[in-house]
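> File model-v5.csv below, CSV, C-alpha atoms:
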chain,number,residue,atom,x,y,z
O,26,MET,CA,138.6,93.2,131.6
O,27,SER,CA,136.3,90.3,132.4
O,28,PRO,CA,133.3,89.5,130.1
O,29,ASN,CA,130.9,90.3,133.0
O,30,LEU,CA,132.2,93.9,133.0
O,31,PHE,CA,132.7,94.4,129.3
O,32,LEU,CA,129.2,93.6,128.1
O,33,PRO,CA,127.3,96.2,130.3
O,34,LEU,CA,130.0,98.8,129.5
O,35,PHE,CA,129.7,98.1,125.8
O,36,LEU,CA,125.9,98.2,125.8
O,37,SER,CA,126.0,101.5,127.7
O,38,LEU,CA,128.3,103.1,125.2
O,39,CYS,CA,126.1,101.8,122.4
O,40,LEU,CA,123.1,103.4,124.0
O,41,VAL,CA,124.9,106.7,124.3
O,42,PHE,CA,126.1,106.5,120.7
O,43,VAL,CA,122.6,105.6,119.3
O,44,SER,CA,120.8,108.3,121.3
O,45,THR,CA,123.4,110.9,120.1
O,46,ALA,CA,123.3,109.7,116.5
O,47,GLN,CA,119.5,109.9,116.3
O,48,ARG,CA,119.5,113.5,117.1
O,49,GLY,CA,120.2,116.2,114.5
O,50,GLY,CA,121.8,119.5,115.3
O,51,GLY,CA,120.8,121.0,118.7
O,52,GLY,CA,119.2,117.9,120.1
O,53,THR,CA,116.6,117.5,117.3
O,54,VAL,CA,115.0,114.1,116.8
O,55,VAL,CA,114.0,113.4,113.3
O,56,THR,CA,111.2,110.9,112.4
O,57,GLU,CA,109.6,110.6,109.0
O,58,LEU,CA,105.9,109.8,108.7
O,59,TRP,CA,103.7,108.6,105.9
O,60,CYS,CA,100.0,108.2,105.7
O,61,VAL,CA,99.1,104.8,104.3
O,62,ALA,CA,96.1,102.5,103.8
O,63,LYS,CA,95.4,100.1,106.6
O,64,ASN,CA,96.1,96.5,105.9
O,65,ASN,CA,92.7,95.4,107.2
O,66,ALA,CA,90.7,98.0,105.1
O,67,GLU,CA,88.3,96.5,102.6
O,68,ASP,CA,89.1,97.1,98.9
O,69,ALA,CA,85.8,98.8,98.2
O,70,ALA,CA,86.3,101.2,101.1
O,71,LEU,CA,89.9,102.0,99.8
O,72,GLN,CA,88.6,102.5,96.3
O,73,GLY,CA,86.0,104.9,97.5
O,74,ALA,CA,88.5,106.9,99.6
O,75,LEU,CA,91.0,106.8,96.7
O,76,ASP,CA,88.4,108.2,94.3
O,77,TRP,CA,87.6,111.0,96.7
O,78,ALA,CA,91.3,111.8,97.4
O,79,CYS,CA,92.1,112.0,93.7
O,80,GLY,CA,89.0,113.9,92.9
O,81,GLN,CA,87.3,116.2,95.4
O,82,GLY,CA,90.3,115.9,97.9
O,83,GLY,CA,92.7,117.4,95.4
O,84,ALA,CA,95.6,114.9,95.9
O,85,ASP,CA,98.1,114.7,93.1
O,86,CYS,CA,97.4,111.2,91.7
O,87,GLY,CA,99.5,111.5,88.5
O,88,PRO,CA,102.2,109.1,89.7
O,89,ILE,CA,99.5,106.4,90.3
O,90,GLN,CA,98.0,106.8,86.8
O,91,GLN,CA,98.9,104.6,83.9
O,92,GLY,CA,102.5,105.3,82.9
O,93,GLY,CA,103.4,106.8,86.3
O,94,PRO,CA,106.1,105.3,88.6
O,95,CYS,CA,103.5,104.2,91.1
O,96,TYR,CA,101.0,102.7,88.7
O,97,ASP,CA,99.9,99.2,89.8
O,98,PRO,CA,96.2,98.4,89.1
O,99,THR,CA,96.6,95.1,90.9
O,100,ASP,CA,97.5,96.6,94.3
O,101,ILE,CA,94.8,98.9,95.8
O,102,GLN,CA,96.8,99.1,99.1
O,103,ASN,CA,99.8,100.8,97.5
O,104,THR,CA,97.7,102.9,95.1
O,105,ALA,CA,95.5,104.2,97.9
O,106,SER,CA,98.5,104.7,100.2
O,107,TYR,CA,100.1,107.0,97.6
O,108,ALA,CA,97.0,109.1,97.2
O,109,PHE,CA,96.4,109.2,101.0
O,110,ASN,CA,99.9,110.3,101.7
O,111,ASN,CA,99.8,113.0,99.1
O,112,TYR,CA,96.5,114.3,100.5
O,113,TYR,CA,98.0,114.2,104.1
O,114,LEU,CA,101.0,116.2,103.1
O,115,LYS,CA,99.0,118.8,101.3
O,116,ASN,CA,96.4,119.2,104.1
O,117,GLY,CA,98.3,120.0,107.2
O,118,MET,CA,99.6,116.6,108.3
O,119,THR,CA,96.9,116.3,111.0
O,120,ASP,CA,95.2,113.2,112.2
O,121,ASP,CA,92.1,114.2,110.3
O,122,ALA,CA,94.1,114.4,107.1
O,123,CYS,CA,95.1,110.8,107.5
O,124,SER,CA,91.8,109.1,108.4
O,125,PHE,CA,89.8,108.4,105.2
O,126,SER,CA,86.9,107.0,107.2
O,127,ASN,CA,89.4,105.1,109.4
O,128,ASN,CA,90.9,103.3,106.4
O,129,ALA,CA,94.4,105.0,106.8
O,130,ALA,CA,97.0,105.4,109.5
O,131,LEU,CA,100.4,107.0,110.0
O,132,THR,CA,103.5,104.9,109.9
O,133,SER,CA,107.2,105.5,110.3
O,134,LEU,CA,108.0,102.7,107.9
O,135,ASN,CA,108.8,104.0,104.4
O,136,PRO,CA,106.2,102.6,102.0
O,137,SER,CA,108.3,103.4,98.9
O,138,TYR,CA,108.9,100.5,96.5
O,139,GLY,CA,110.8,100.2,93.3
O,140,ASN,CA,110.7,103.5,91.4
O,141,CYS,CA,107.7,104.6,93.4
O,142,LYS,CA,109.0,107.1,96.0
O,143,PHE,CA,106.6,108.4,98.7
O,144,PRO,CA,107.4,111.8,99.9
O,145,SER,CA,107.4,112.0,103.7
O,146,SER,CA,106.5,114.5,106.4
O,147,LYS,CA,109.7,115.8,107.7
O,148,THR,CA,109.0,114.9,111.2
O,149,VAL,CA,108.8,116.1,114.7
O,150,SER,CA,111.8,118.0,115.7
O,151,ASN,CA,112.2,120.0,118.9
O,152,ALA,CA,108.4,119.5,119.4
O,153,SER,CA,107.3,121.1,116.1
O,154,ILE,CA,106.4,119.6,112.8
O,155,SER,CA,108.8,120.9,110.1
O,156,GLU,CA,108.5,120.8,106.4
O,157,ALA,CA,107.4,118.0,104.1
O,158,SER,CA,110.0,116.7,101.7
O,159,GLY,CA,110.3,114.1,99.1
O,160,THR,CA,110.9,113.5,95.4
O,161,LEU,CA,107.8,115.5,94.4
O,162,GLY,CA,108.8,118.6,96.3
O,163,VAL,CA,105.8,119.1,98.6
O,164,GLY,CA,105.8,122.5,100.2
O,165,THR,CA,106.3,123.4,103.8
O,166,ASP,CA,103.8,123.1,106.6
O,167,SER,CA,103.9,123.7,110.3
O,168,ALA,CA,102.0,123.0,113.5
O,169,ASP,CA,102.5,124.5,116.9
O,170,LEU,CA,103.1,121.7,119.5
O,171,SER,CA,104.6,124.0,122.1
O,172,GLY,CA,102.1,122.6,124.7
O,173,SER,CA,103.5,119.1,124.3
O,174,ASP,CA,106.3,117.6,126.4
O,175,GLY,CA,108.6,117.7,123.4
O,176,VAL,CA,111.8,115.8,123.0
O,177,ALA,CA,114.0,114.7,125.9
O,178,PRO,CA,117.1,116.8,126.2
O,179,PRO,CA,120.3,115.3,124.7
O,180,TRP,CA,122.0,114.9,128.1
O,181,LEU,CA,119.2,112.7,129.5
O,182,SER,CA,120.3,109.3,128.1
O,183,PRO,CA,123.9,109.6,129.2
O,184,LEU,CA,122.8,110.7,132.6
O,185,ILE,CA,120.5,107.6,133.0
O,186,VAL,CA,123.4,105.4,131.8
O,187,ALA,CA,125.8,107.0,134.3
O,188,LEU,CA,123.3,106.5,137.2
O,189,PHE,CA,122.6,102.9,136.5
O,190,LEU,CA,126.0,101.7,135.2
O,191,PRO,CA,127.5,101.3,138.7
O,192,PHE,CA,124.6,99.0,139.7
O,193,VAL,CA,125.1,96.9,136.6
O,194,LEU,CA,128.8,96.7,137.1
O,195,LEU,CA,128.6,95.7,140.8
O,196,ASN,CA,126.2,92.8,140.2
Re-express the file's structure as structure tokens.

Amino acid sequence: MSPNLFLPLFLSLCLVFVSTAQRGGGGTVVTELWCVAKNNAEDAALQGALDWACGQGGADCGPIQQGGPCYDPTDIQNTASYAFNNYYLKNGMTDDACSFSNNAALTSLNPSYGNCKFPSSKTVSNASISEASGTLGVGTDSADLSGSDGVAPPWLSPLIVALFLPFVLLN
């Protein structure tokens, strides 16, 4: 097989494999989310939001207290992120629960470090938010997203590849 034909075929097979591997059972796509402090947030604003989250907000801030696995008095970003994430998981995993006066945002990059493990939302799967999970055992929560477009069916990626592969191979 010539290299000109092998590369597109290989890439197409990789695309099919990746799209299939990313799906759980029944065409479910799993994406973990965390609520973290924004990099450009001012320290004073983060401290105020952190104080609120750990106090009035009811977040479990034990792990960021002295002796806890996430205790680091020198890093307000990580400390606030832990509290923000805990509050977000306990309060419905909504955009409003991850705002903190616009000092926080959702990310799919795991903010855990060392022995400090951040529980995550368990994701969007088949267009509904499932349970929260993590080392601290946060309870379940749900949201109805039935009006959304949802996740592409599992047969869509292979169909697209099958339709475009002949054009790639002929050129």
> Mind pulling up the distance from atom CA of O:Asn127 to atom CA of O:Gly92?
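A separation of 29.6 Å between them.
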> Please compute the atom CA of O:Gly93-atom CA of O:Cys141 distance, one decimal, in Å.
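Taking atom CA of O:Gly93 as the start and atom CA of O:Cys141 as the end point, the length is 8.6 Å.
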> By how many Å are atom CA of O:Pro98 and atom CA of O:Asn65 apart?
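Between atom CA of O:Pro98 and atom CA of O:Asn65 the gap works out to 18.7 Å.
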> Mind checking which residues fall within 10 Å of O:Cys79, counting all atoms listed in the file, ignoring those fewer than 5 positions away in the same chain, and posting them as number ranges by chain?
O: 74, 84-87, 89, 105, 108-109, 111-112
> Given the choices O:Thr99, O:Asp76, O:Met118, O:Phe125, which gets closest to O:Ser145 if the distance is worked out from all atoms listed in the file?
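Checking each candidate against O:Ser145, we get O:Met118 as the closest.
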> Identify which of the residues O:Lys115, O:Gly139, O:Glu67, O:Tyr107 lies closest to O:Pro88, counting all atoms listed in the file when measuring atom-to-atom distances.
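Ranking O:Lys115, O:Gly139, O:Glu67, O:Tyr107 by distance to O:Pro88, first place goes to O:Tyr107.
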